[in-house]
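Peer 1: Data file final.cif (mmCIF, C-alpha atoms, pLDDT in the B column; chains and numbers go by the auth columns) is appended below.
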```cif
data_model
loop_
_atom_site.group_PDB
_atom_site.id
_atom_site.type_symbol
_atom_site.label_atom_id
_atom_site.label_comp_id
_atom_site.label_asym_id
_atom_site.label_seq_id
_atom_site.Cartn_x
_atom_site.Cartn_y
_atom_site.Cartn_z
_atom_site.B_iso_or_equiv
_atom_site.auth_seq_id
_atom_site.auth_asym_id
ATOM 1 C CA MET A 1 -4.960 -2.173 -61.707 64.00 1 A
ATOM 2 C CA SER A 2 -4.572 1.463 -60.640 80.00 2 A
ATOM 3 C CA ALA A 3 -7.987 1.489 -58.939 81.00 3 A
ATOM 4 C CA THR A 4 -7.106 -1.647 -56.988 83.00 4 A
ATOM 5 C CA LEU A 5 -3.806 -0.146 -55.895 79.00 5 A
ATOM 6 C CA GLY A 6 -5.551 3.073 -54.874 80.00 6 A
ATOM 7 C CA LEU A 7 -8.125 1.126 -52.825 82.00 7 A
ATOM 8 C CA PHE A 8 -5.385 -0.900 -51.141 84.00 8 A
ATOM 9 C CA THR A 9 -3.404 2.260 -50.355 87.00 9 A
ATOM 10 C CA ARG A 10 -6.439 4.023 -48.854 88.00 10 A
ATOM 11 C CA LYS A 11 -7.307 0.996 -46.701 86.00 11 A
ATOM 12 C CA TYR A 12 -3.699 0.680 -45.568 89.00 12 A
ATOM 13 C CA TYR A 13 -3.548 4.302 -44.419 86.00 13 A
ATOM 14 C CA GLN A 14 -6.947 4.054 -42.705 87.00 14 A
ATOM 15 C CA TRP A 15 -5.681 1.093 -40.677 88.00 15 A
ATOM 16 C CA SER A 16 -2.386 2.857 -40.049 85.00 16 A
ATOM 17 C CA ASP A 17 -4.179 5.928 -38.677 82.00 17 A
ATOM 18 C CA ALA A 18 -6.353 3.735 -36.435 81.00 18 A
ATOM 19 C CA LEU A 19 -3.296 1.940 -35.078 82.00 19 A
ATOM 20 C CA HIS A 20 -1.607 5.272 -34.441 78.00 20 A
ATOM 21 C CA HIS A 21 -4.344 6.099 -31.928 78.00 21 A
ATOM 22 C CA VAL A 22 -3.962 2.692 -30.274 88.00 22 A
ATOM 23 C CA SER A 23 -0.207 3.229 -29.907 89.00 23 A
ATOM 24 C CA SER A 24 -0.748 5.760 -27.115 89.00 24 A
ATOM 25 C CA LEU A 25 -2.747 3.163 -25.197 92.00 25 A
ATOM 26 C CA ALA A 26 0.011 0.603 -25.765 93.00 26 A
ATOM 27 C CA LEU A 27 2.646 3.060 -24.531 94.00 27 A
ATOM 28 C CA LEU A 28 0.498 3.820 -21.472 96.00 28 A
ATOM 29 C CA ALA A 29 0.120 0.101 -20.741 97.00 29 A
ATOM 30 C CA ALA A 30 3.884 -0.405 -21.089 97.00 30 A
ATOM 31 C CA ARG A 31 4.567 2.570 -18.804 98.00 31 A
ATOM 32 C CA ILE A 32 2.157 1.301 -16.152 98.00 32 A
ATOM 33 C CA TYR A 33 3.507 -2.260 -16.264 98.00 33 A
ATOM 34 C CA VAL A 34 7.179 -1.316 -15.994 98.00 34 A
ATOM 35 C CA ALA A 35 6.462 1.352 -13.396 98.00 35 A
ATOM 36 C CA TRP A 36 4.584 -1.136 -11.227 98.00 36 A
ATOM 37 C CA VAL A 37 7.473 -3.633 -11.362 98.00 37 A
ATOM 38 C CA PHE A 38 10.049 -1.069 -10.266 98.00 38 A
ATOM 39 C CA PHE A 39 7.752 0.636 -7.734 98.00 39 A
ATOM 40 C CA LYS A 40 7.049 -2.718 -6.036 98.00 40 A
ATOM 41 C CA SER A 41 10.781 -3.299 -5.836 97.00 41 A
ATOM 42 C CA GLY A 42 11.237 0.087 -4.171 98.00 42 A
ATOM 43 C CA LEU A 43 8.452 -0.668 -1.689 98.00 43 A
ATOM 44 C CA THR A 44 10.132 -3.963 -0.834 97.00 44 A
ATOM 45 C CA LYS A 45 13.366 -2.123 -0.120 97.00 45 A
ATOM 46 C CA ILE A 46 11.788 0.332 2.326 98.00 46 A
ATOM 47 C CA GLN A 47 9.759 -2.359 4.104 98.00 47 A
ATOM 48 C CA ASP A 48 12.936 -3.845 5.543 97.00 48 A
ATOM 49 C CA TRP A 49 15.727 -1.317 5.251 97.00 49 A
ATOM 50 C CA ASP A 50 18.221 -3.387 7.280 97.00 50 A
ATOM 51 C CA THR A 51 17.850 -6.287 4.849 97.00 51 A
ATOM 52 C CA THR A 52 18.171 -3.893 1.927 97.00 52 A
ATOM 53 C CA LEU A 53 21.444 -2.542 3.286 96.00 53 A
ATOM 54 C CA PHE A 54 22.675 -6.060 3.944 96.00 54 A
ATOM 55 C CA LEU A 55 21.870 -7.126 0.381 94.00 55 A
ATOM 56 C CA PHE A 56 23.586 -4.091 -1.094 94.00 56 A
ATOM 57 C CA GLU A 57 26.647 -4.746 1.057 93.00 57 A
ATOM 58 C CA GLU A 58 26.910 -8.519 0.666 92.00 58 A
ATOM 59 C CA GLU A 59 24.878 -9.713 -2.313 91.00 59 A
ATOM 60 C CA TYR A 60 24.846 -6.952 -4.907 91.00 60 A
ATOM 61 C CA SER A 61 28.087 -5.722 -6.380 85.00 61 A
ATOM 62 C CA VAL A 62 27.124 -2.243 -7.500 87.00 62 A
ATOM 63 C CA PRO A 63 30.160 -0.866 -9.311 85.00 63 A
ATOM 64 C CA LEU A 64 31.786 2.420 -8.300 89.00 64 A
ATOM 65 C CA LEU A 65 29.366 3.250 -5.469 92.00 65 A
ATOM 66 C CA ASN A 66 29.368 2.793 -1.725 95.00 66 A
ATOM 67 C CA PHE A 67 26.769 0.134 -0.872 95.00 67 A
ATOM 68 C CA GLU A 68 24.728 2.462 1.359 96.00 68 A
ATOM 69 C CA PHE A 69 24.640 5.237 -1.231 96.00 69 A
ATOM 70 C CA ALA A 70 23.708 2.676 -3.907 96.00 70 A
ATOM 71 C CA ALA A 71 20.831 1.409 -1.728 97.00 71 A
ATOM 72 C CA TYR A 72 19.453 4.917 -1.221 97.00 72 A
ATOM 73 C CA LEU A 73 19.887 5.786 -4.896 96.00 73 A
ATOM 74 C CA ALA A 74 18.179 2.604 -6.095 96.00 74 A
ATOM 75 C CA THR A 75 15.317 2.995 -3.658 98.00 75 A
ATOM 76 C CA VAL A 76 14.649 6.625 -4.511 98.00 76 A
ATOM 77 C CA GLY A 77 14.878 5.802 -8.215 98.00 77 A
ATOM 78 C CA GLU A 78 12.500 2.872 -7.897 98.00 78 A
ATOM 79 C CA LEU A 79 9.950 4.945 -5.986 98.00 79 A
ATOM 80 C CA LEU A 80 10.124 8.307 -7.782 98.00 80 A
ATOM 81 C CA LEU A 81 10.826 7.448 -11.432 98.00 81 A
ATOM 82 C CA PRO A 82 7.867 5.042 -11.822 98.00 82 A
ATOM 83 C CA ILE A 83 5.461 7.758 -10.647 98.00 83 A
ATOM 84 C CA LEU A 84 6.851 10.156 -13.238 98.00 84 A
ATOM 85 C CA LEU A 85 6.716 7.415 -15.869 98.00 85 A
ATOM 86 C CA VAL A 86 3.040 6.601 -15.237 98.00 86 A
ATOM 87 C CA LEU A 87 2.106 10.272 -15.300 98.00 87 A
ATOM 88 C CA GLY A 88 4.115 10.747 -18.470 97.00 88 A
ATOM 89 C CA LEU A 89 5.940 13.627 -16.813 97.00 89 A
ATOM 90 C CA ALA A 90 9.531 13.850 -18.014 97.00 90 A
ATOM 91 C CA ALA A 91 8.786 10.409 -19.419 97.00 91 A
ATOM 92 C CA ARG A 92 11.975 10.026 -21.439 97.00 92 A
ATOM 93 C CA PHE A 93 14.086 11.078 -18.441 98.00 93 A
ATOM 94 C CA SER A 94 12.188 8.615 -16.238 98.00 94 A
ATOM 95 C CA ALA A 95 12.586 5.812 -18.770 98.00 95 A
ATOM 96 C CA ILE A 96 16.325 6.479 -19.075 98.00 96 A
ATOM 97 C CA GLY A 97 16.656 6.531 -15.277 98.00 97 A
ATOM 98 C CA LEU A 98 14.824 3.223 -14.909 98.00 98 A
ATOM 99 C CA THR A 99 16.928 1.785 -17.728 98.00 99 A
ATOM 100 C CA VAL A 100 20.032 2.629 -15.709 97.00 100 A
ATOM 101 C CA VAL A 101 18.485 1.002 -12.612 97.00 101 A
ATOM 102 C CA ASN A 102 17.623 -2.048 -14.735 97.00 102 A
ATOM 103 C CA ILE A 103 21.134 -2.367 -16.168 96.00 103 A
ATOM 104 C CA VAL A 104 22.800 -1.899 -12.778 94.00 104 A
ATOM 105 C CA ALA A 105 20.489 -4.541 -11.289 93.00 105 A
ATOM 106 C CA VAL A 106 21.562 -7.049 -13.937 94.00 106 A
ATOM 107 C CA ILE A 107 25.291 -6.372 -13.704 93.00 107 A
ATOM 108 C CA SER A 108 25.244 -6.212 -9.907 90.00 108 A
ATOM 109 C CA LEU A 109 24.078 -9.777 -9.459 85.00 109 A
ATOM 110 C CA GLU A 110 26.738 -12.431 -9.885 79.00 110 A
ATOM 111 C CA GLU A 111 24.144 -15.068 -10.723 86.00 111 A
ATOM 112 C CA ILE A 112 20.778 -14.323 -12.257 90.00 112 A
ATOM 113 C CA ALA A 113 18.237 -16.903 -13.333 93.00 113 A
ATOM 114 C CA PRO A 114 17.552 -17.000 -17.080 93.00 114 A
ATOM 115 C CA ALA A 115 13.852 -16.226 -16.531 94.00 115 A
ATOM 116 C CA ALA A 116 14.717 -13.173 -14.422 94.00 116 A
ATOM 117 C CA LEU A 117 17.241 -12.004 -17.018 96.00 117 A
ATOM 118 C CA TYR A 118 14.591 -12.374 -19.707 96.00 118 A
ATOM 119 C CA LEU A 119 12.231 -10.110 -17.716 97.00 119 A
ATOM 120 C CA HIS A 120 14.967 -7.489 -17.420 97.00 120 A
ATOM 121 C CA TYR A 121 15.275 -7.583 -21.224 97.00 121 A
ATOM 122 C CA VAL A 122 11.507 -7.135 -21.604 98.00 122 A
ATOM 123 C CA TRP A 123 11.497 -4.185 -19.194 98.00 123 A
ATOM 124 C CA GLY A 124 14.478 -2.687 -21.020 98.00 124 A
ATOM 125 C CA LEU A 125 12.724 -2.952 -24.384 98.00 125 A
ATOM 126 C CA LEU A 126 9.525 -1.388 -23.044 98.00 126 A
ATOM 127 C CA LEU A 127 11.535 1.463 -21.533 98.00 127 A
ATOM 128 C CA LEU A 128 13.433 1.896 -24.807 98.00 128 A
ATOM 129 C CA GLN A 129 10.120 2.449 -26.596 96.00 129 A
ATOM 130 C CA VAL A 130 9.317 5.322 -24.233 97.00 130 A
ATOM 131 C CA VAL A 131 12.798 6.783 -24.730 97.00 131 A
ATOM 132 C CA ILE A 132 12.415 6.678 -28.519 95.00 132 A
ATOM 133 C CA TRP A 133 8.733 7.607 -28.985 93.00 133 A
ATOM 134 C CA GLY A 134 7.990 9.446 -25.782 94.00 134 A
ATOM 135 C CA ALA A 135 5.001 8.772 -23.567 94.00 135 A
ATOM 136 C CA GLY A 136 2.367 9.121 -26.283 90.00 136 A
ATOM 137 C CA SER A 137 -0.683 11.348 -26.221 90.00 137 A
ATOM 138 C CA ILE A 138 -1.916 10.121 -22.814 93.00 138 A
ATOM 139 C CA ALA A 139 0.738 11.936 -20.795 95.00 139 A
ATOM 140 C CA VAL A 140 1.390 15.107 -18.850 95.00 140 A
ATOM 141 C CA ASP A 141 4.297 15.781 -21.235 92.00 141 A
ATOM 142 C CA LYS A 142 1.827 15.991 -24.125 90.00 142 A
ATOM 143 C CA TRP A 143 -0.406 18.381 -22.166 92.00 143 A
ATOM 144 C CA PHE A 144 2.570 20.635 -21.318 88.00 144 A
ATOM 145 C CA SER A 145 3.730 20.542 -24.936 86.00 145 A
ATOM 146 C CA GLN A 146 0.305 21.666 -26.153 86.00 146 A
ATOM 147 C CA LYS A 147 0.177 24.442 -23.528 84.00 147 A
ATOM 148 C CA LEU A 148 3.597 25.733 -24.589 85.00 148 A
ATOM 149 C CA GLN A 149 2.647 25.686 -28.279 86.00 149 A
ATOM 150 C CA ASN A 150 -0.517 27.697 -27.565 84.00 150 A
ATOM 151 C CA GLN A 151 1.382 30.505 -25.852 77.00 151 A
#
```
Reformat the file's structure so that it appears as structure tokens.
Peer 2:
Amino acid sequence: MSATLGLFTRKYYQWSDALHHVSSLALLAARIYVAWVFFKSGLTKIQDWDTTLFLFEEEYSVPLLNFEFAAYLATVGELLLPILLVLGLAARFSAIGLTVVNIVAVISLEEIAPAALYLHYVWGLLLLQVVIWGAGSIAVDKWFSQKLQNQ
């Protein structure tokens, strides 16, 4: 019985170690996916700035902020934070920033389709993983951390 349990335990930890290495790839894939979604949104905003301002003034109800300031803030956030997120540079900060953008987007719309709301939940969960676990080993943050430890 003890030999069987020992074999099972060894196999379990071998698989666990293998999955640990795959987790960095999964975090990278999540970072790239979410970053692309938000970056595309930022590109859409700058393609037609007059429409963006109109939407922020008439359609979106961003709380506590002037519509023009909210439009600039959202656009800069959607263009800058995804780049940082993909690079894994200040990844937790970037993920928190995009989480704020995500939450504000949801609460700013009076009506949101269930499918769109579901996607916002998915993006929020993927960002939450980066906030909790960091960017993984495929990230500039990891490189900087190793450089600082070697000094």
Peer 1: At what distance in Å, to one decimal, does CA of Phe38 in chain A lie from CA of Leu81 in chain A?
Peer 2: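 According to the coordinates, CA of Leu81 in chain A and CA of Phe38 in chain A are separated by 8.6 Å.
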Peer 1: Using only C-alpha atoms, which of A:Leu27, A:Leu79, A:Leu19, A:Val62 sits nearest Gly134 in chain A?
Peer 2: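 For Gly134 in chain A, the nearest of the given residues is A:Leu27.
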Peer 1: Apply the PyMOL selection byres ((chain A and resi 88) around 10) to the structure shown and report the selected residues as number ranges by chain.
Peer 2: A: 27-28, 31-32, 82-87, 89-95, 130, 134-143
Peer 1: Just so the selection is clear, what residues does the PyMOL selection byres ((chain A and resi 77) around 9) cover here, as a PDB file with C-alpha atoms, in the frame of the given file?
Peer 2:
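The result, stored in selection-v7.pdb:
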```pdb
ATOM      1  CA  PHE A  38      10.049  -1.069 -10.266  1.00 98.00           C
ATOM      2  CA  PHE A  39       7.752   0.636  -7.734  1.00 98.00           C
ATOM      3  CA  GLY A  42      11.237   0.087  -4.171  1.00 98.00           C
ATOM      4  CA  TYR A  72      19.453   4.917  -1.221  1.00 97.00           C
ATOM      5  CA  LEU A  73      19.887   5.786  -4.896  1.00 96.00           C
ATOM      6  CA  ALA A  74      18.179   2.604  -6.095  1.00 96.00           C
ATOM      7  CA  THR A  75      15.317   2.995  -3.658  1.00 98.00           C
ATOM      8  CA  VAL A  76      14.649   6.625  -4.511  1.00 98.00           C
ATOM      9  CA  GLU A  78      12.500   2.872  -7.897  1.00 98.00           C
ATOM     10  CA  LEU A  79       9.950   4.945  -5.986  1.00 98.00           C
ATOM     11  CA  LEU A  80      10.124   8.307  -7.782  1.00 98.00           C
ATOM     12  CA  LEU A  81      10.826   7.448 -11.432  1.00 98.00           C
ATOM     13  CA  PRO A  82       7.867   5.042 -11.822  1.00 98.00           C
ATOM     14  CA  SER A  94      12.188   8.615 -16.238  1.00 98.00           C
ATOM     15  CA  GLY A  97      16.656   6.531 -15.277  1.00 98.00           C
ATOM     16  CA  LEU A  98      14.824   3.223 -14.909  1.00 98.00           C
ATOM     17  CA  VAL A 101      18.485   1.002 -12.612  1.00 97.00           C
TER      18      VAL A 101
END
```
Peer 1: Just to confirm, what's the straight-line distance from CA of Leu128 in chain A to CA of Glu57 in chain A in Å (one decimal)?
Peer 2: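 Separating CA of Leu128 in chain A from CA of Glu57 in chain A is a distance of 29.8 Å.
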Peer 1: Give the answer as one residue: which of A:Tyr33, A:Tyr60, A:Phe54, A:Trp49 has the shortest atom-to-atom distance to Gly124 in chain A, using only C-alpha atoms?
Peer 2: A:Tyr33
Peer 1: Using Å and a single decimal, report how far CA of Leu125 in chain A sits from CA of Ala29 in chain A.
Peer 2: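 For CA of Ala29 in chain A relative to CA of Leu125 in chain A, the distance reads 13.5 Å.
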Peer 1: On this structure, which residues satisfy the PyMOL selection byres ((chain A and resi 119-123) around 9), written as a list in words?
Peer 2: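 Residues picked by the PyMOL selection byres ((chain A and resi 119-123) around 9): Ala30, Tyr33, Val34, Val37, Thr99, Asn102, Ile103, Ala105, Val106, Pro114, Ala115, Ala116, Leu117, Tyr118, Gly124, Leu125, Leu126, Leu127 and Leu128 of chain A.
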Peer 1: Would you write out those residues with C-alpha atoms, as a compact mmCIF listing (two decimals), in the frame of the given file?
Peer 2:
```txt
# COMPACT_ATOMS: atom_id res chain seq x y z
CA ALA A 30 3.88 -0.40 -21.09
CA TYR A 33 3.51 -2.26 -16.26
CA VAL A 34 7.18 -1.32 -15.99
CA VAL A 37 7.47 -3.63 -11.36
CA THR A 99 16.93 1.78 -17.73
CA ASN A 102 17.62 -2.05 -14.74
CA ILE A 103 21.13 -2.37 -16.17
CA ALA A 105 20.49 -4.54 -11.29
CA VAL A 106 21.56 -7.05 -13.94
CA PRO A 114 17.55 -17.00 -17.08
CA ALA A 115 13.85 -16.23 -16.53
CA ALA A 116 14.72 -13.17 -14.42
CA LEU A 117 17.24 -12.00 -17.02
CA TYR A 118 14.59 -12.37 -19.71
CA GLY A 124 14.48 -2.69 -21.02
CA LEU A 125 12.72 -2.95 -24.38
CA LEU A 126 9.52 -1.39 -23.04
CA LEU A 127 11.54 1.46 -21.53
CA LEU A 128 13.43 1.90 -24.81
```
Peer 1: Give, as lines of an AutoDock Vina configuration file, the centre coordinates and the x, y and z edge lengths in Å to one decimal for an axis-aligned box around all listed atoms of range 63-76 of chain A, padded by 3 Å on each side.
Peer 2:
```
center_x = 23.2
center_y = 2.9
center_z = -4.0
size_x = 23.1
size_y = 13.5
size_z = 16.7
```
